[in-house]
Amino acid sequence: MFEAIAFYLFAFLTIAMFYITVTTSQALYALSALAAGMIFISAFFFILGADFLGAVQIIVYSGAVMALYAFGMMFFDTTRDVKEKQGNKAIIIGLSSLAALLVVVIVSAPIVGNNVEAFYPMVEGAGNTQEVGMVLFTKYLVPFEVAAVMLLVAMIAGIVLAGKKMDLSLTLMSDSELMNMKEEDKKVNV
Amino acid sequence: MEMAYFIETIIKIVVILLVFSGLAGIGTYFERKVLAFMQRRLGPVNVGPFGLLQVAADGIKLFTKEDIVPTNVVGKIFKIAPVITAATAFMAAAAIPFLPSFTLFGYEVHPIVADINIGILYILGIMGVGLYGPLLGGMASANKFSLISAARGAAVFISYEVVTGLSILAPIMMVGSLSLVDFNEYQADGITSWIVWTQPVAFILFWIAAFAETGRTPFHLIANDHEIIDGFGTEYSGMRWGLFFIGEYANMFFISFVIALLFLGGYGDGSFLGAIGLLLKVAFFFFFFLWTRAAWPDIRPDQLMWLCWKVLMPIAMINILITAIVLM
């Protein structure tokens with residue numbers, strides 16, 4: 001009974017949060033609702049007994065949304081409403097309903113057809129974390145490594161893009177040196 | 001059976017809430033006294049014997065103060081931010097075994113609310129979410145100092161999560177489990193089996209990162225009094241500010257428990273002496289938080305980032321590599 005209560009409670013909360021995220025015009029509401037929704041999703045993992053995935057969901061998404069906050073801080077005055085350009089409402093509602101319907105059909109088709117099978121049945125005596133590790137480092141080893149390489153590429157690209165003048169410390173420079181540097185930058189840009 | 005378990009859990013939750021909210025109050029008293037003696041002052045002396053009732057006076061003041069929500073703030077977020085800090089601090093406590101299991105009136109009590117087998121991950125994750133409180137409070141406040149504090153909060157969060165995660169990875173590899181109870185069993189053979197002897201580097205790194213996670217003085221940047229007033233707390237008054245405070249102090253206690261359980265043997269073999277030992281270790285780590293505050297200045301934000309990315313993270317990586325090679 002508790003499971004059912006918890007499931008419906010968190011299902012309602014998750015949907016409500018994501019609804020706020022999409023509909024509000026206040027950046028801070030949207031970001032906070034997104035973070036809350038992501039954390040509420042972890043409840044489903046806990047209900048299903050996948051504790052490891054639940055905790056990872058919290059850690060990964062709370063960090064990811066935190067980065068979004070940082071961007072929000074840089075781009076908007078987050079205490080003011082964002083003026084959105086509203087296009088044709090009928091097209092927006094139609095397309096999003098169609099997309100939602102498609103997702104439901106795609107996910108429910110194998111369930112209706114009774115076609116869901118576990119390729120890797122549970123190993124007796126292995127804990128939750130060990131199970132994830134076993135599947136990740138045997139069947140899904142290649143995607144896992146490819147993802148790692150992609151992240152490495154992204155990191156190096158980020159360092160190259162942001163790393164100009166990394167050897168200079170703005171804190172240790174005197175004011176005149178700073179002004180000189182600004183002048184030189186202007187010349188280069190012109 | 002189900003019902004008994006349900007009632008037991010609720011009682012545990014209420015006890016933990018009451019004990020640690022109370023401790024947060026008494027913690028402020030200790031902080032003032034310890035700081036005062038280290039700086040050759042007396043600290044609170046006027047209210048009650050040795051100023052002990054100062055805690056009650058502070059409580060009355062916080063509860064009865066007018067709750068001001070300034071104009072121009074984002075109301076809902078501004079109001080919910082302190083609750084996030086306090087609530088997540090106590091949510092993290094769900095997976096901490098506070099004492100060894102004991103028998104009370106013929107009923108065996110496990111002083112842990114939920115013995116999930118990924119305890120450490122859960123605790124660190126929820127403690128990380130706790131930093132949303134200062135972040136949201138700062139961003140919703142419509143105050144430039146609060147906004148700076150929120151930006152710093154996000155930076156500290158993103159960088160020091162990396163250090164905490166990497167530093168405990170090496171001990172986790174040794175124990176082979178993420179449960180704090182398993183960590184305790186692994187170190188139950190006495191002082192020589194403590195993980196701090198085999199993983200001293202991880203211990204120091206985790207300890208340093210704990211200061212950043214709780215926002216205590218060398219890394220007290222998110223509410224640095226002398227440059228950004230009270231940071232995210234500038235616009236808050238009354239009990240909303242008090243909730244931030246309770247969250248911070250509860251977090252200090254909980255992270256002290258986590259350090260003692262992870263690296264210093266926890267409650268050992270589960271005897272009465274072991275339980276007292278755990279409480280003493282926690283008291284030491286709490287005292288160390290106060291000691292550092294009296295002895296160290298705050299560091300600059302760029303120094304904080306330098307320390308995290310150029311010193312602590314490489315050391316943590318090397319530590320993991322060496323542990324992995326030795327374990328193989």
# chains A, B, ... in the order shown; residues from 1 in each chain; ligands from 1
$ interface_residues --of "chain A" --to "chain B" --cutoff "7 Å" --atoms "only C-alpha atoms" --output "VMD selection string"
chain A and resid 51 to 52 55 58 to 59 62 to 63 66 70 78 to 79
$ write_last_selection --atoms "N, CA and C atoms" --output "PDB file, in the first residue's frame"
ATOM      1  N   ASP A  51      18.445   1.445  -5.516  1.00  0.00           N
ATOM      2  CA  ASP A  51      18.953   2.531  -4.670  1.00  0.00           C
ATOM      3  C   ASP A  51      20.094   3.283  -5.337  1.00  0.00           C
ATOM      4  N   PHE A  52      20.998   2.516  -5.976  1.00  0.00           N
ATOM      5  CA  PHE A  52      22.186   3.135  -6.557  1.00  0.00           C
ATOM      6  C   PHE A  52      21.797   4.169  -7.612  1.00  0.00           C
ATOM      7  N   ALA A  55      20.315   7.338  -6.038  1.00  0.00           N
ATOM      8  CA  ALA A  55      21.292   8.285  -5.485  1.00  0.00           C
ATOM      9  C   ALA A  55      22.055   8.978  -6.599  1.00  0.00           C
ATOM     10  N   ILE A  58      20.071  11.786  -8.058  1.00  0.00           N
ATOM     11  CA  ILE A  58      20.108  12.999  -7.246  1.00  0.00           C
ATOM     12  C   ILE A  58      21.430  13.740  -7.472  1.00  0.00           C
ATOM     13  N   ILE A  59      22.558  12.990  -7.380  1.00  0.00           N
ATOM     14  CA  ILE A  59      23.863  13.649  -7.443  1.00  0.00           C
ATOM     15  C   ILE A  59      24.081  14.294  -8.804  1.00  0.00           C
ATOM     16  N   SER A  62      21.324  17.156  -9.598  1.00  0.00           N
ATOM     17  CA  SER A  62      21.421  18.373  -8.785  1.00  0.00           C
ATOM     18  C   SER A  62      22.643  19.173  -9.226  1.00  0.00           C
ATOM     19  N   GLY A  63      23.741  18.485  -9.609  1.00  0.00           N
ATOM     20  CA  GLY A  63      24.910  19.200 -10.110  1.00  0.00           C
ATOM     21  C   GLY A  63      24.645  19.847 -11.454  1.00  0.00           C
ATOM     22  N   MET A  66      22.440  22.795 -11.167  1.00  0.00           N
ATOM     23  CA  MET A  66      23.206  23.876 -10.543  1.00  0.00           C
ATOM     24  C   MET A  66      23.975  24.664 -11.606  1.00  0.00           C
ATOM     25  N   ALA A  70      23.773  28.684 -12.808  1.00  0.00           N
ATOM     26  CA  ALA A  70      24.885  29.604 -13.039  1.00  0.00           C
ATOM     27  C   ALA A  70      24.673  30.357 -14.346  1.00  0.00           C
ATOM     28  N   THR A  78      17.343  37.310 -12.619  1.00  0.00           N
ATOM     29  CA  THR A  78      16.423  36.210 -12.316  1.00  0.00           C
ATOM     30  C   THR A  78      15.260  36.628 -11.440  1.00  0.00           C
ATOM     31  N   THR A  79      15.288  37.858 -10.913  1.00  0.00           N
ATOM     32  CA  THR A  79      14.149  38.258 -10.095  1.00  0.00           C
ATOM     33  C   THR A  79      13.037  38.883 -10.936  1.00  0.00           C
TER      34      THR A  79
END
$ residues_around --residues "Gly266 in chain B" --least-positions-apart "6" --cutoff "10 Å" --atoms "only C-alpha atoms" --output "count of residues only"
23
$ closest_residue --among "A:Ile47, A:Met173, A:Leu53, A:Ile41" --to "Gln130 in chain A" --atoms "only C-alpha atoms"
A:Leu53
$ residues_around --residues "range 313-318 of chain B" --least-positions-apart "4" --cutoff "12 Å" --atoms "only C-alpha atoms" --output "MDAnalysis selection string"
chainID B and resid 159:171 199:206 208:209 305:309 322:325
$ residues_around --residues "range 40-54 of chain B" --least-positions-apart "5" --cutoff "12 Å" --atoms "only C-alpha atoms" --output "MDAnalysis selection string"
chainID B and resid 25:35 59:61 294
$ write_last_selection --atoms "C-alpha atoms" --output "PDB file, in the first residue's frame"
ATOM      1  CA  GLY B  25      21.188  25.527  19.428  1.00  0.00           C
ATOM      2  CA  ILE B  26      23.707  24.285  21.976  1.00  0.00           C
ATOM      3  CA  GLY B  27      26.297  24.207  19.171  1.00  0.00           C
ATOM      4  CA  THR B  28      25.992  27.971  18.810  1.00  0.00           C
ATOM      5  CA  TYR B  29      26.663  28.313  22.549  1.00  0.00           C
ATOM      6  CA  PHE B  30      29.773  26.149  22.293  1.00  0.00           C
ATOM      7  CA  GLU B  31      30.940  28.039  19.241  1.00  0.00           C
ATOM      8  CA  ARG B  32      30.697  31.360  21.053  1.00  0.00           C
ATOM      9  CA  LYS B  33      32.394  30.028  24.182  1.00  0.00           C
ATOM     10  CA  VAL B  34      35.209  28.262  22.330  1.00  0.00           C
ATOM     11  CA  LEU B  35      35.850  31.259  20.072  1.00  0.00           C
ATOM     12  CA  GLY B  59      15.554  31.157  20.336  1.00  0.00           C
ATOM     13  CA  ILE B  60      12.918  33.525  21.734  1.00  0.00           C
ATOM     14  CA  LYS B  61      14.402  36.364  19.719  1.00  0.00           C
ATOM     15  CA  ALA B 294      39.285  30.881  15.533  1.00  0.00           C
TER      16      ALA B 294
END
$ closest_residue --among "B:Leu312, B:Met328, B:Met174, B:Ile246" --to "Leu62 in chain B" --atoms "only C-alpha atoms"
B:Ile246
$ select_by_dssp --residues "range 190-275 of chain B" --states "helix (DSSP H, G or I)" --output "PyMOL selection string"
chain B and resi 191-193+195-198+200-214+217-223+225-228+231-233+238-263+272-275
$ atom_distance --atom1 "CA of Phe145 in chain B" --atom2 "CA of Gly231 in chain B"
5.6 Å
$ atom_distance --atom1 "CA of Val132 in chain A" --atom2 "CA of Met173 in chain B"
15.4 Å
$ residues_around --residues "Glu66 in chain B" --least-positions-apart "6" --cutoff "10 Å" --atoms "only C-alpha atoms" --output "list in words"
Ser237, Gly238 and Met239 of chain B
$ closest_residue --among "B:Met91, B:Leu264, B:Val19, B:Leu273" --to "Trp207 in chain B" --atoms "only C-alpha atoms"
B:Leu264
$ closest_residue --among "B:Gly270, B:Pro70, B:Gly138, B:Pro111" --to "Gly233 in chain B" --atoms "only C-alpha atoms"
B:Gly138
$ residues_around --residues "Met17 in chain A" --least-positions-apart "6" --cutoff "12 Å" --atoms "only C-alpha atoms" --output "PyMOL selection string"
chain A and resi 10-11+23-24+29-41
